[in-house]
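A quick write-up on the structure given underneath.
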Amino acid sequence: MINKETTLARTSKFIFLGICLIVTIFPLYWIVITSLKAPGTIYSLPLDYWPKEISFENYVGLFTKSDFGRYMVNSLLVATIAATVATLISLLSAYVLARFQFSGRGWVLGAFLLTQMIPGFIALGPLYMMMTKFDLVDSKTGLILVYIAVCIPFCTIMLRGFFENVPDALEEAAMIDGCSRLSALFRVLVPVMMPGIAASFIFNFVNCWNELFLSVTLMNSDENKTIPTALAGFISSFNIDWGSMSAAAVLTVVPTLVIFAFASKFIVQGLTAGAVKG
């Protein structure tokens, strides 16, 4: 009786997980299939769940009829610089919050947590006015600065958990051997925390790569647009270019898939290392 119940429960679990997997994977599958259809066959009925003829016309059109290559370079540049600088600044701020006791420390942590609870679009108006005043609208530099400011709170909270999981004895031993506090941080603690730092960088990069509201608000010219802004451009008042949008979406997902494929080990190690305080 117990074996039958165990088998039934296991079968039910696999069926449920299979349904969840299908629901999750099907939209991605449909985007890929749509991108491989010829423009004239996308709206044909009945629907083709696999194209009779595979066409790369949508992908070719992205680079011949628009500046999608430039958009990809802009996104790569902005996301990489913003993620790198935000991770470095967050590393230092997380170290201070984890290792030092000072007045207002709790308020700083509370402020960082509060920023994660407020929807980002609420600050679009004041942010746009401020960026206009400093002449940073429609500028990759301005967008990078905004992304850095957005990434720092979450990244600081994340890295603080990693620091608290590293014994103080490592740092103290390095300082006894003659290292300064800053030297001990980069020579001793940073190598130990590389999985956590890599995980933080990847989360920052993906957030900057996929961010839409700020890029649409601050970027106007084609020369400075990023990929999310370009994707929004395929939607007009009377039409949606599903073929080009699907092809662009596939190319947009590829870099993040590659990053997660090569860095999944670091992400898992980083998240588990910072999840439990030693």
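Lettering and numbering for the structure tokens are positional, with chains as A, B, ... in the shown order, residues counted from 1 in each chain, and ligands counted from 1 in the shown order.
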message: Could you go through stretch 2-239 of chain A and tell me which residues DSSP, when run on the backbone, assigns to helix (DSSP H, G or I), listing them as a PyMOL selection string?
response: chain A and resi 2-35+39-41+57-64+68-99+105-115+120-133+140-164+168-176+181-192+194-210+213-218+227-232
Under the rule of at most 8 Å, produce a per-residue listing of stretch 56-119 of chain A near stretch 210-224 of chain A: chain, number, name, the closest pair of atoms, and the distance in Å, as JSON lines, using only C-alpha atoms.
{"residue": "A:Asp67", "atom": "CA", "partner": "A:Asp222", "partner_atom": "CA", "distance": 7.6}
{"residue": "A:Arg70", "atom": "CA", "partner": "A:Glu223", "partner_atom": "CA", "distance": 7.4}
{"residue": "A:Tyr71", "atom": "CA", "partner": "A:Asn224", "partner_atom": "CA", "distance": 7.4}
{"residue": "A:Asn74", "atom": "CA", "partner": "A:Asn224", "partner_atom": "CA", "distance": 6.6}
Report as a Markdown table the residues of stretch 56-108 of chain A within 9 Å of stretch 136-145 of chain A, each with its shortest atom pair and distance in Å (one decimal), using only C-alpha atoms, ordered by chain and increasing residue number.
| residue | atom | partner | partner_atom | distance |
| --- | --- | --- | --- | --- |
| A:Asn74 | CA | A:Lys140 | CA | 7.9 |
| A:Leu77 | CA | A:Lys140 | CA | 8.8 |
| A:Val78 | CA | A:Ile144 | CA | 5.7 |
| A:Ala79 | CA | A:Ile144 | CA | 7.6 |
| A:Ile81 | CA | A:Ile144 | CA | 7.1 |
| A:Ala82 | CA | A:Ile144 | CA | 5.3 |
| A:Ala83 | CA | A:Ile144 | CA | 9.0 |
query: Residues at most 9 Å from A:Val85, counting only C-alpha atoms, excluding those fewer than 5 positions away in the same chain, as number ranges by chain?
result: A: 80, 90, 148
Those selected residues, please, written with C-alpha atoms and delivered as an mmCIF file, in the first residue's frame.
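Result went into part-v3.cif, see below:
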data_model
loop_
_atom_site.group_PDB
_atom_site.id
_atom_site.type_symbol
_atom_site.label_atom_id
_atom_site.label_comp_id
_atom_site.auth_asym_id
_atom_site.auth_seq_id
_atom_site.Cartn_x
_atom_site.Cartn_y
_atom_site.Cartn_z
ATOM 1 C CA THR A 80 29.009 45.678 -18.831
ATOM 2 C CA SER A 90 28.788 47.484 -3.731
ATOM 3 C CA ILE A 148 24.804 51.958 -11.342
#
task: Measure the distance from atom CA of A:Leu189 to atom CA of A:Glu171 in Å and round it to one decimal.
output: 7.0 Å
- request: Have a look at A:Met72, A:Val250, A:Val150, A:Ile33 and name the one nearest to A:Ala230; count only C-alpha atoms.
  value: A:Met72
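Residues in contact with A:Leu251 at up to 10 Å, not including ones fewer than 4 positions away on its chain and judged by only C-alpha atoms, are Val32, Tyr59, Phe68, Met72, Ile227, Met245, Ser246, Ala247, Pro255 and Thr256 of chain A.
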Using only N, CA, C and O atoms, please write the residues we just selected to a file, as a compact mmCIF listing (two decimals), in the first residue's frame.
# COMPACT_ATOMS: atom_id res chain seq x y z
N VAL A 32 10.81 31.51 -31.02
CA VAL A 32 11.83 31.00 -31.93
C VAL A 32 11.20 30.58 -33.26
O VAL A 32 11.71 30.90 -34.34
N TYR A 59 15.78 37.69 -39.49
CA TYR A 59 17.09 38.00 -38.91
C TYR A 59 17.90 38.90 -39.84
O TYR A 59 18.56 39.85 -39.38
N PHE A 68 20.11 47.28 -35.65
CA PHE A 68 20.05 46.39 -34.50
C PHE A 68 21.45 46.03 -33.99
O PHE A 68 21.64 45.83 -32.79
N MET A 72 22.72 46.35 -30.09
CA MET A 72 23.35 45.29 -29.31
C MET A 72 24.66 45.77 -28.70
O MET A 72 24.97 45.49 -27.54
N ILE A 227 18.80 47.63 -26.66
CA ILE A 227 17.94 46.59 -27.24
C ILE A 227 16.50 46.67 -26.73
O ILE A 227 15.56 46.57 -27.53
N MET A 245 10.30 41.37 -34.31
CA MET A 245 10.35 41.38 -32.86
C MET A 245 10.78 40.01 -32.31
O MET A 245 11.58 39.93 -31.36
N SER A 246 10.28 38.94 -32.90
CA SER A 246 10.65 37.60 -32.44
C SER A 246 12.13 37.33 -32.69
O SER A 246 12.83 36.78 -31.83
N ALA A 247 12.61 37.73 -33.87
CA ALA A 247 14.03 37.54 -34.17
C ALA A 247 14.90 38.35 -33.21
O ALA A 247 15.93 37.86 -32.71
N PRO A 255 22.75 36.16 -25.35
CA PRO A 255 23.86 36.51 -24.45
C PRO A 255 23.62 36.10 -22.99
O PRO A 255 24.53 35.61 -22.32
N THR A 256 22.40 36.30 -22.49
CA THR A 256 22.12 35.93 -21.11
C THR A 256 22.15 34.42 -20.93
O THR A 256 22.62 33.91 -19.90
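If you measure from each of A:Leu21, A:Val146, A:Met117, A:Val108 to A:Met130 using only C-alpha atoms, the closest one turns out to be A:Val146.
Counting from atom CA of A:Trp209, the distance to atom CA of A:Ala123 is 19.7 Å.
Our summary of the geometry notes that atom CA of A:Phe201 is positioned 15.4 Å from atom CA of A:Ser75.
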Do you know which residues are at most 7 Å from A:Ala94 counting only C-alpha atoms, after dropping those on the same chain fewer than 2 positions away, and could you put them as an mmCIF file with N, CA, C and O atoms, in the first residue's frame?
data_model
loop_
_atom_site.group_PDB
_atom_site.id
_atom_site.type_symbol
_atom_site.label_atom_id
_atom_site.label_comp_id
_atom_site.auth_asym_id
_atom_site.auth_seq_id
_atom_site.Cartn_x
_atom_site.Cartn_y
_atom_site.Cartn_z
ATOM 1 N N SER A 90 29.553 48.280 -4.687
ATOM 2 C CA SER A 90 28.788 47.484 -3.731
ATOM 3 C C SER A 90 29.697 46.603 -2.886
ATOM 4 O O SER A 90 29.412 46.346 -1.715
ATOM 5 N N LEU A 91 30.801 46.132 -3.474
ATOM 6 C CA LEU A 91 31.760 45.333 -2.716
ATOM 7 C C LEU A 91 32.319 46.132 -1.546
ATOM 8 O O LEU A 91 32.411 45.628 -0.411
ATOM 9 N N LEU A 92 32.667 47.378 -1.799
ATOM 10 C CA LEU A 92 33.221 48.221 -0.740
ATOM 11 C C LEU A 92 32.163 48.592 0.291
ATOM 12 O O LEU A 92 32.423 48.552 1.509
ATOM 13 N N VAL A 96 31.960 47.494 4.394
ATOM 14 C CA VAL A 96 31.808 48.439 5.512
ATOM 15 C C VAL A 96 30.613 48.054 6.376
ATOM 16 O O VAL A 96 30.702 48.038 7.620
ATOM 17 N N LEU A 97 29.494 47.737 5.756
ATOM 18 C CA LEU A 97 28.291 47.392 6.512
ATOM 19 C C LEU A 97 28.435 46.067 7.259
ATOM 20 O O LEU A 97 27.792 45.863 8.295
ATOM 21 N N ALA A 98 29.270 45.167 6.755
ATOM 22 C CA ALA A 98 29.428 43.859 7.389
ATOM 23 C C ALA A 98 30.483 43.859 8.483
ATOM 24 O O ALA A 98 30.369 43.118 9.459
ATOM 25 N N THR A 156 24.597 45.496 -2.813
ATOM 26 C CA THR A 156 25.218 45.683 -1.500
ATOM 27 C C THR A 156 24.632 44.727 -0.471
ATOM 28 O O THR A 156 25.362 44.096 0.309
ATOM 29 N N ILE A 157 23.319 44.610 -0.456
ATOM 30 C CA ILE A 157 22.658 43.682 0.473
ATOM 31 C C ILE A 157 23.101 42.253 0.200
ATOM 32 O O ILE A 157 23.360 41.472 1.125
ATOM 33 N N LEU A 159 25.983 41.176 -1.288
ATOM 34 C CA LEU A 159 27.386 40.950 -0.942
ATOM 35 C C LEU A 159 27.624 41.027 0.557
ATOM 36 O O LEU A 159 28.554 40.395 1.076
ATOM 37 N N ARG A 160 26.804 41.787 1.268
ATOM 38 C CA ARG A 160 26.948 41.848 2.729
ATOM 39 C C ARG A 160 26.743 40.463 3.340
ATOM 40 O O ARG A 160 27.436 40.074 4.287
#
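When only C-alpha atoms are used to measure the gap to A:Thr226, the shortest distance among A:Leu76, A:Arg10, A:Arg187, A:Ser93 belongs to A:Leu76.
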